[in-house]
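Asks: Got a structure here, written out as structure tokens. Questions coming.
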Amino acid sequence: MEIRLKGWDRKIIVDTGITFAELLEKNFPHLLEKVVAVKVDGQLKDLTAMVEDEGEVELVEYSNEEGKEVYWHTSSHIMAQAVIELFPQSQLAIGPAIKEGYYYDIDLPRRLVPEDLPIIEEKMREIIERDLPIKRMQMRRKEAIELFRERRQNYKIELLQEMEEDPVTLYQQGDFIDLCKGPHLPSTGRVREFKLLSLAGAYWRGDESRAMLQRIYGISFETKDELEEFLHLKEEAERRDHRRLGKELDLFSFHEEAGAGVVLYHPKGAILRRIIERYLEEEHLKRGYQMVITPHLYRGDLWRLSGHMDYYKENMFTFEKENAEYVVKPMNCPGHLLIYKTKPRSYRDLPLKFFELGTVYRYERSGVLHGLLRVRGFTQDDAHIFCAREQLREQVYECLEFAFSALKDFGFSDFQVNLSTRPERYVGSDEIWEEATEELAQALKDHAVDYTVDPGEGVFYGPKIDVKLKDAIGRLWQGPTIQADFNLPERFDITYAGKDNRPHRPVMIHRVVLAGIERFLGILIEHYGGALPLWLSPVQVVIVPIADRHVECARHLNATFLSRGWRSEVDDENQTLNMKIRRAQLQKIPFAVIIGDKEVQEGTISVRTRSGEDLRNLEKDEFITRMEKKIQQRSFDEDW
RNA sequence: GCCGACGUAGCUCAGUAGGUAGAGCAGCGCACUCGUAAUGCGCAGGUCAGGAGUUCGAGUCUCCUCGUCGGCUCCA
């Protein structure tokens with residue numbers, strides 16, 4: 001039998017009736033330990049599967065996404081087996097591989113505590129050492145149900161009862177049998193380095209009305225180095241945690257007595273936020289947006305008109321006064337629509353672009369709140385573009401251009417874009433949906449951005465584009481969104497007079513650039529690990545007099561800096577130079593300017609940069625010119 | 001909201017079997033006047049998240065509330 005191997009010119013002659021593992025052993029023994037599965041005609045198969053006379057064979061290694069999935073999935077089985085051996089009454093639910101690692105949801109006789117993880121790990125190590133062969137089996141669904149009934153695995157029975165397939169696939173390693181479509185590693189010994197990461201509660205089938213199971217998260221790798229790198233990255237993420245940095249850098253706080261999910265900005269956080277807001281205002285005005293300001297409080301009637309009272313009620317803060325219902329705004333769009341409606345609009349006015357730094361309040365369930373990233377009160381850089389249908393594509397294009405250019409100014413250059421199409425429940429005609437979706441797609445293509453389509457993930461009132469940004473350590477964050485809306489123009493009955501002097505219905509685009517400022521701030525802090533670029537730093541320069549006699553000179557210099565609009569401070573505390581340098585470093589202040597005898601005499605300055613550079617004997621003017629340039633360019637280059 | 005963990009001085013954390021709180025840093029004072037990541041000494045600082053209960057006695061045990069963390073669910 002001849003086998004074609006992907007990536008290889010020559011064909012391989014093999015005997016019939018051998019497995020892929022045997023094929024490897026014979027022809028590529030050095031790969032035996034690397035390959036985790038094979039892919040034949042796009043279908044993943046076990047190494048223990050028989051080689052058949054069919055399509056091209058691709059060797060899948062751990063380095064491959066699918067390879068990791070196999071590796072992790074087997075790891076989760078080993079974990080489940082370990083748990084069963086430790087707690088024989090356990091009932092297994094599901095245990096898949098995820099983006100990073102794997103988990104298994106298990107119904108256990110008792111609550112697990114973190115101290116249990118090393119015990120389970122120890123048992124896993126044992127199972128790995130046993131190097132149990134992993135066997136794939138097929139059996140009639142009925143038999144499988146019987147098997148799991150004997151083993152008292154009710155969740156598996158429930159899964160089987162709802163499955164269509166018959167026969168079903170099971171995998172066995174030692175005494176452990178699990179319902180699973182695979183594929184898996186050929187034996188438990190193939191899992192090398194692993195770690196159990198955390199415990200959590202999880203609903204059976206994600207349904208909050210059903211049983212709460214215990215979920216164990218884990219990860220595994222082929223080498224110790226990879227595991228260590230992973231753990232290091234986790235530490236790095238912790239080091240960058242905006243909640244920790246927000247405290248350390250004195251940017252913002254949360255308070256029990258203020259309520260969950262609302263942010264109090266300290267002076268340094270407030271200035272940072274204002275810098276971002278000023279940037280946004282400038283950029284919007286430059287692009288033809290008009291700023292508007294709308295109230296935080298509205299009568300309930302407005303939200304009945306907009307429809308929010310029906311479908312968003314759960315998320316709104318409402319109250320009653322003088323027999324009238326009031327709503328603290330969760331969104332800015334209704335206000336902007338009211339402004340639109342204040343006078344007749346013509347096609348000549350379009351596109352009409354209203355922009356607002358609009359602060360909104362949304363009720364979020366207490367359990368989902370998370371630092372600045374998920375709050376109840378936040379400010380959006382929100383705009384609504386009213387345009388003719390034929391302007392949609394161009395407007396979306398401009399929004400994308402705006403979004404990317406703004407994110408680049410803040411130092412993000414890696415994006416992932418999604419186009420979400422019509423969901424099951426929707427308003428508007430199929431025709432208008434198709435047209436709008438096509439316009440959005442075209443705008444993306446015009447922009448030459450790669451994007452993936454999320455079928456059915458659009459909002460009920462129109463298709464949308466989501467941009468996710470990748471931060472310095474590779475994590476993705478939700479960023480800008482651009483949504484077409486056919487619903488609100490209808491509900492508010494807004495029109496414009498066309499060339500034909502007849503009323504037409506505009507399309508509305510909701511779009512945010514940085515989205516929630518709070519969330520963006522959180523992302524920004526984590527992206528830079530608190531060491532914000534010069535133009536964003538709450539304190540740009542700290543002037544450090546070495547001894548008391550240098551304070552006057554330092555104050556004088558500070559006045560010069562302040563007059564240039566820099567954010568500058570003098571550290572005139574009675575402390576050693578070392579201490580002051582240390583404080584500047586810990587506060588992640590970009591530049592410390594040192595003033596001592598030498599500087600006073602020669603009229604020069606010495607600069608210590610955040611990155612640790614020590615620059616002596618700088619001319620003041622040179623420093624000023626350089627700084628001005630860096631600020632003006634919004635440079636995020638750490639080098640002097 | 002649900003599951004679990006947690007809440008002790010401004011911050012980070014200790015607190016043994018229930019016997020009425022402790023460190024480091026920060027703060028304040030004094031001395032030192034310093035050349036690129038912690039000068040020394042002294043002082044002050046807590047109704048142990050809030051409330052109720054058990055107990056002769058609760059930071060420690062029980063319950064409720066609030067908040068935080070990790071997840072789930074949700075996310076127009």
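By convention here, the chains of the structure tokens are called A, B, ... in the order presented, each chain's residues are numbered starting at 1, and ligands are numbered starting at 1 in the order presented.
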Could you pull the residues within 9 Å of C34 (chain B), counting only C-alpha atoms (C1' of nucleotides), minus those fewer than 2 positions along the same chain, as a VMD selection string?

Replies: (chain A and resid 546 to 547 575 to 578) or (chain B and resid 32 39)

Asks: Give me, as CSV, each residue of chain A that comes within 7 Å of chain B, together with its shortest interatomic pair and the distance in Å at one decimal, counting only C-alpha atoms (C1' of nucleotides), with rows ordered by chain and rising residue number.

Replies:
```
residue,atom,partner,partner_atom,distance
A:Ala200,CA,B:G71,C1',4.5
A:Gly201,CA,B:C3,C1',4.5
A:Ala202,CA,B:C72,C1',4.5
A:Tyr203,CA,B:C72,C1',6.0
A:Gly206,CA,B:U73,C1',6.8
A:Glu208,CA,B:U73,C1',6.2
A:Met212,CA,B:C3,C1',6.3
A:Glu256,CA,B:G67,C1',5.2
A:Arg365,CA,B:G1,C1',6.3
A:Val459,CA,B:A76,C1',6.8
A:Ile546,CA,B:C34,C1',6.7
A:Ala547,CA,B:U33,C1',5.0
A:Asp548,CA,B:U33,C1',6.5
A:Thr576,CA,B:C34,C1',5.5
A:Leu577,CA,B:C34,C1',6.5
A:Asn578,CA,B:U36,C1',6.4
A:Met579,CA,B:A38,C1',6.0
A:Ile581,CA,B:A37,C1',6.3
A:Arg582,CA,B:A37,C1',4.1
A:Arg608,CA,B:U36,C1',6.9
```

Asks: Write a file of the selected residues as a compact mmCIF listing (two decimals), in the first residue's frame, keeping all heavy atoms.

Replies:
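Below is the file result.txt, written as the result:
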```txt
# COMPACT_ATOMS: atom_id res chain seq x y z
N ALA A 200 -12.98 25.66 40.34
CA ALA A 200 -14.08 26.61 40.16
C ALA A 200 -15.37 25.84 40.14
O ALA A 200 -15.39 24.63 39.93
CB ALA A 200 -13.90 27.37 38.85
N GLY A 201 -16.45 26.54 40.35
CA GLY A 201 -17.76 25.93 40.21
C GLY A 201 -18.21 26.09 38.78
O GLY A 201 -17.84 27.05 38.12
N ALA A 202 -18.97 25.17 38.28
CA ALA A 202 -19.49 25.30 36.92
C ALA A 202 -20.81 24.54 36.85
O ALA A 202 -20.92 23.44 37.39
CB ALA A 202 -18.50 24.74 35.92
N TYR A 203 -21.78 25.13 36.21
CA TYR A 203 -23.08 24.47 36.11
C TYR A 203 -23.02 23.33 35.12
O TYR A 203 -22.36 23.43 34.07
CB TYR A 203 -24.16 25.43 35.63
CG TYR A 203 -24.35 26.62 36.53
CD1 TYR A 203 -23.94 27.88 36.13
CD2 TYR A 203 -24.95 26.47 37.77
CE1 TYR A 203 -24.11 28.98 36.95
CE2 TYR A 203 -25.13 27.55 38.60
CZ TYR A 203 -24.71 28.81 38.18
OH TYR A 203 -24.89 29.88 38.99
N GLY A 206 -23.81 24.29 31.67
CA GLY A 206 -23.86 25.75 31.67
C GLY A 206 -25.20 26.34 32.04
O GLY A 206 -25.48 27.51 31.80
N GLU A 208 -27.79 27.50 34.77
CA GLU A 208 -27.73 27.86 36.17
C GLU A 208 -28.84 27.23 37.01
O GLU A 208 -28.82 27.32 38.23
CB GLU A 208 -27.68 29.37 36.37
CG GLU A 208 -28.75 30.17 35.73
CD GLU A 208 -28.50 31.67 35.93
OE1 GLU A 208 -28.16 32.05 37.04
OE2 GLU A 208 -28.67 32.43 34.96
N MET A 212 -24.46 22.28 40.32
CA MET A 212 -23.18 22.96 40.30
C MET A 212 -22.09 21.90 40.48
O MET A 212 -22.08 21.18 41.47
CB MET A 212 -23.14 24.00 41.42
CG MET A 212 -21.84 24.74 41.58
SD MET A 212 -21.33 25.80 40.21
CE MET A 212 -22.42 27.21 40.39
N GLU A 256 -16.18 49.80 49.25
CA GLU A 256 -17.33 49.05 49.70
C GLU A 256 -18.51 50.00 49.93
O GLU A 256 -19.63 49.72 49.53
CB GLU A 256 -16.95 48.33 50.99
CG GLU A 256 -17.97 47.33 51.40
CD GLU A 256 -17.50 46.49 52.59
OE1 GLU A 256 -16.28 46.28 52.72
OE2 GLU A 256 -18.36 46.06 53.36
N ARG A 365 -24.46 41.87 37.08
CA ARG A 365 -24.56 40.98 38.22
C ARG A 365 -23.26 41.02 39.00
O ARG A 365 -22.17 41.06 38.42
CB ARG A 365 -24.85 39.56 37.74
CG ARG A 365 -26.15 39.48 36.98
CD ARG A 365 -26.23 38.20 36.21
NE ARG A 365 -27.20 37.30 36.81
CZ ARG A 365 -27.33 36.03 36.46
NH1 ARG A 365 -26.53 35.50 35.56
NH2 ARG A 365 -28.24 35.28 37.03
N VAL A 459 -26.15 41.78 16.61
CA VAL A 459 -27.17 42.25 17.53
C VAL A 459 -28.49 42.21 16.79
O VAL A 459 -28.51 42.21 15.56
CB VAL A 459 -26.87 43.69 17.96
CG1 VAL A 459 -27.41 43.94 19.34
CG2 VAL A 459 -25.38 43.96 17.95
N ILE A 546 19.56 66.93 45.22
CA ILE A 546 20.34 65.99 46.03
C ILE A 546 20.36 66.41 47.49
O ILE A 546 20.17 65.60 48.38
CB ILE A 546 21.78 65.87 45.47
CG1 ILE A 546 21.71 65.12 44.13
CG2 ILE A 546 22.69 65.13 46.45
CD1 ILE A 546 23.03 64.91 43.45
N ALA A 547 20.57 67.66 47.77
CA ALA A 547 20.57 68.15 49.15
C ALA A 547 19.66 69.37 49.23
O ALA A 547 19.24 69.92 48.21
CB ALA A 547 21.98 68.49 49.58
N ASP A 548 19.38 69.82 50.44
CA ASP A 548 18.49 70.96 50.63
C ASP A 548 18.89 72.18 49.80
O ASP A 548 18.05 72.90 49.30
CB ASP A 548 18.47 71.37 52.11
CG ASP A 548 17.73 70.33 52.94
OD1 ASP A 548 17.09 69.45 52.33
OD2 ASP A 548 17.82 70.38 54.18
N THR A 576 17.40 60.35 51.00
CA THR A 576 18.62 60.17 50.22
C THR A 576 18.29 60.13 48.73
O THR A 576 17.17 59.84 48.33
CB THR A 576 19.29 58.83 50.56
OG1 THR A 576 18.34 57.80 50.33
CG2 THR A 576 19.73 58.80 52.01
N LEU A 577 19.30 60.41 47.95
CA LEU A 577 19.14 60.36 46.50
C LEU A 577 18.69 58.97 46.08
O LEU A 577 17.77 58.82 45.27
CB LEU A 577 20.47 60.70 45.83
CG LEU A 577 20.51 60.53 44.31
CD1 LEU A 577 19.54 61.50 43.66
CD2 LEU A 577 21.90 60.75 43.77
N ASN A 578 19.32 57.97 46.67
CA ASN A 578 18.95 56.60 46.33
C ASN A 578 17.46 56.35 46.51
O ASN A 578 16.80 55.75 45.68
CB ASN A 578 19.74 55.63 47.19
CG ASN A 578 21.08 55.31 46.57
OD1 ASN A 578 21.19 55.24 45.34
ND2 ASN A 578 22.09 55.14 47.39
N MET A 579 16.96 56.81 47.62
CA MET A 579 15.54 56.62 47.92
C MET A 579 14.65 57.32 46.90
O MET A 579 13.64 56.78 46.47
CB MET A 579 15.27 57.15 49.33
CG MET A 579 13.91 56.77 49.85
SD MET A 579 13.74 54.97 49.89
CE MET A 579 12.02 54.84 50.28
N ILE A 581 15.38 58.13 43.84
CA ILE A 581 15.47 57.43 42.55
C ILE A 581 14.58 56.19 42.60
O ILE A 581 13.82 55.91 41.68
CB ILE A 581 16.94 56.99 42.27
CG1 ILE A 581 17.84 58.20 42.12
CG2 ILE A 581 17.00 56.07 41.07
CD1 ILE A 581 17.82 58.85 40.78
N ARG A 582 14.69 55.50 43.70
CA ARG A 582 13.90 54.28 43.86
C ARG A 582 12.40 54.58 43.74
O ARG A 582 11.67 53.87 43.07
CB ARG A 582 14.20 53.65 45.21
CG ARG A 582 13.40 52.43 45.53
CD ARG A 582 13.77 51.90 46.91
NE ARG A 582 12.67 51.16 47.51
CZ ARG A 582 12.39 49.89 47.21
NH1 ARG A 582 13.12 49.25 46.33
NH2 ARG A 582 11.37 49.30 47.79
N ARG A 608 17.91 60.51 34.86
CA ARG A 608 17.82 59.06 35.04
C ARG A 608 16.51 58.64 34.38
O ARG A 608 15.43 59.12 34.75
CB ARG A 608 17.82 58.75 36.53
CG ARG A 608 17.23 57.43 36.91
CD ARG A 608 18.30 56.38 37.00
NE ARG A 608 17.68 55.09 37.28
CZ ARG A 608 18.32 54.09 37.85
NH1 ARG A 608 19.57 54.22 38.20
NH2 ARG A 608 17.70 52.95 38.06
```

Asks: Quick one: DSSP strand (DSSP E) residues in region 352-471 of chain A, as a PyMOL selection string?

Replies: chain A and resi 352-361+377-387+415-420+451-454+464-470

Asks: For C-alpha atoms, I'd like the residues from the last selection saved as a compact mmCIF listing (two decimals), in the first residue's frame.

Replies:
```txt
# COMPACT_ATOMS: atom_id res chain seq x y z
CA LEU A 352 -24.47 63.61 10.78
CA LYS A 353 -22.04 62.50 13.43
CA PHE A 354 -22.78 63.11 17.11
CA PHE A 355 -20.04 62.35 19.60
CA GLU A 356 -20.22 62.25 23.35
CA LEU A 357 -18.06 61.11 26.21
CA GLY A 358 -21.17 59.62 27.66
CA THR A 359 -21.22 58.18 31.14
CA VAL A 360 -23.61 55.30 31.44
CA TYR A 361 -24.68 53.00 34.23
CA GLY A 377 -20.61 52.94 35.71
CA PHE A 378 -18.42 53.86 32.79
CA THR A 379 -17.82 56.44 30.12
CA GLN A 380 -17.92 55.56 26.46
CA ASP A 381 -16.39 57.47 23.59
CA ASP A 382 -19.71 57.00 21.94
CA ALA A 383 -20.84 58.33 18.59
CA HIS A 384 -23.88 57.87 16.44
CA ILE A 385 -23.60 58.42 12.77
CA PHE A 386 -26.80 59.11 10.89
CA CYS A 387 -26.33 58.43 7.24
CA PHE A 415 -5.81 43.28 16.04
CA GLN A 416 -8.34 40.60 15.43
CA VAL A 417 -11.52 41.56 13.65
CA ASN A 418 -14.90 39.85 13.63
CA LEU A 419 -17.96 40.48 11.54
CA SER A 420 -21.13 39.30 13.22
CA TYR A 451 -11.52 39.21 9.59
CA THR A 452 -13.55 36.22 10.58
CA VAL A 453 -17.29 35.96 10.26
CA ASP A 454 -19.28 35.09 13.37
CA LYS A 464 -21.60 44.56 13.69
CA ILE A 465 -17.84 44.63 13.55
CA ASP A 466 -15.79 43.92 16.65
CA VAL A 467 -12.13 44.71 16.94
CA LYS A 468 -10.07 42.90 19.51
CA LEU A 469 -6.64 44.15 20.46
CA LYS A 470 -3.63 42.13 21.39
```

Asks: For a test of reading the model, state the distance in Å between CA of Val38 (chain A) and CA of Ser187 (chain A), rounded to one decimal.

Replies: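 Separation between CA of Val38 (chain A) and CA of Ser187 (chain A): 15.0 Å.
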
Asks: Among the residues of region 156-272 of chain A, find those DSSP assigns to alpha helix (DSSP H) from the backbone and print them as a PyMOL selection string.

Replies: chain A and resi 156-162+224-239+242-248+267-272
